Amino acid sequence: MFSFQIEPRFSETDALGHINNTVVPVWFEQGRTPIFELFNPTLDLQKWNLILKKMDVDFVAQIYLYSPVEIRTSLSNVGNTSMTIHQEVWQKGKLVAQGDCVMVHFDYAQQTKAPIPEDVKQTLLEHLA
């Protein structure tokens with residue numbers, strides 16, 4: 001599992017003072033950075049090889065300003081060309097949001113999915129939840 005903390009910003013709130021629902025997918029993208037680095041260690045956009053196929057987010061409870069959140073990222077499935085990533089947002093010891101996404105290893109030159117390299121796949125398997 002990968003984990004990091006974020007301090008919610010005032011600009012991420014809505015009119016009711018909660019963290020806006022559009023913010024959680026952005027946090028989730030940041031939480032996937034360690035996975036991105038397994039495929040592309042320098043995060044070089046010229047060598048980018050992942051695409052987002054699907055994303056679901058469940059908002060379990062309200063998320064508030066002035067209290068740090070922890071983003072937890074793990075894998076729930078690793079296939080030949082794709083993987084399912086599970087992510088959670090925790091605040092004050094409580095699960096407040098969770099989601100899953102499917103990412104595909106992609107060959108932009110050929111415009112098609114590509115097998116996940118075996119060494120990367122083995123590392124991904126170490127992070128299965």
# chains A, B, ... in the order shown; residues from 1 in each chain; ligands from 1
call {"tool": "closest_atom_pairs", "arguments": {"of": "range 29-52 of chain A", "to": "range 76-97 of chain A", "cutoff": "10 Å", "atoms": "only C-alpha atoms", "output": "JSON lines"}}
result
{"residue": "A:Glu29", "atom": "CA", "partner": "A:Gln87", "partner_atom": "CA", "distance": 9.7}
{"residue": "A:Gly31", "atom": "CA", "partner": "A:Gln87", "partner_atom": "CA", "distance": 8.0}
{"residue": "A:Arg32", "atom": "CA", "partner": "A:Ile85", "partner_atom": "CA", "distance": 8.3}
{"residue": "A:Ile35", "atom": "CA", "partner": "A:Ile85", "partner_atom": "CA", "distance": 9.4}
{"residue": "A:Leu50", "atom": "CA", "partner": "A:Ser82", "partner_atom": "CA", "distance": 9.0}
{"residue": "A:Ile51", "atom": "CA", "partner": "A:Ser82", "partner_atom": "CA", "distance": 9.4}
{"residue": "A:Leu52", "atom": "CA", "partner": "A:Ser82", "partner_atom": "CA", "distance": 9.7}
call {"tool": "select_by_dssp", "arguments": {"residues": "chain A", "states": "strand (DSSP E or B)", "output": "PyMOL selection string"}}
result
chain A and resi 2-6+13+18-19+50-59+64+69-78+82-91+94-107+112-113+128
call {"tool": "atom_distance", "arguments": {"atom1": "CA of Pro117 in chain A", "atom2": "CA of Phe36 in chain A"}}
result
13.3 Å
call {"tool": "residues_around", "arguments": {"residues": "Asn40 in chain A", "least_positions_apart": "6", "cutoff": "9 Å", "atoms": "only C-alpha atoms", "output": "PyMOL selection string"}}
result
chain A and resi 47-49
call {"tool": "write_last_selection", "arguments": {"atoms": "C-alpha atoms", "output": "PDB file, in the first residue's frame"}}
result
ATOM      1  CA  LYS A  47       7.422   8.058 -22.473  1.00  0.00           C
ATOM      2  CA  TRP A  48       3.990   7.997 -20.824  1.00  0.00           C
ATOM      3  CA  ASN A  49       2.386   4.576 -21.099  1.00  0.00           C
TER       4      ASN A  49
END
call {"tool": "atom_distance", "arguments": {"atom1": "CA of Ile63 in chain A", "atom2": "CA of Val24 in chain A"}}
result
9.6 Å
call {"tool": "residues_around", "arguments": {"residues": "Asn20 in chain A", "least_positions_apart": "3", "cutoff": "12 Å", "atoms": "only C-alpha atoms", "output": "MDAnalysis selection string"}}
result
chainID A and resid 8:17 23:27 59 62:65 97
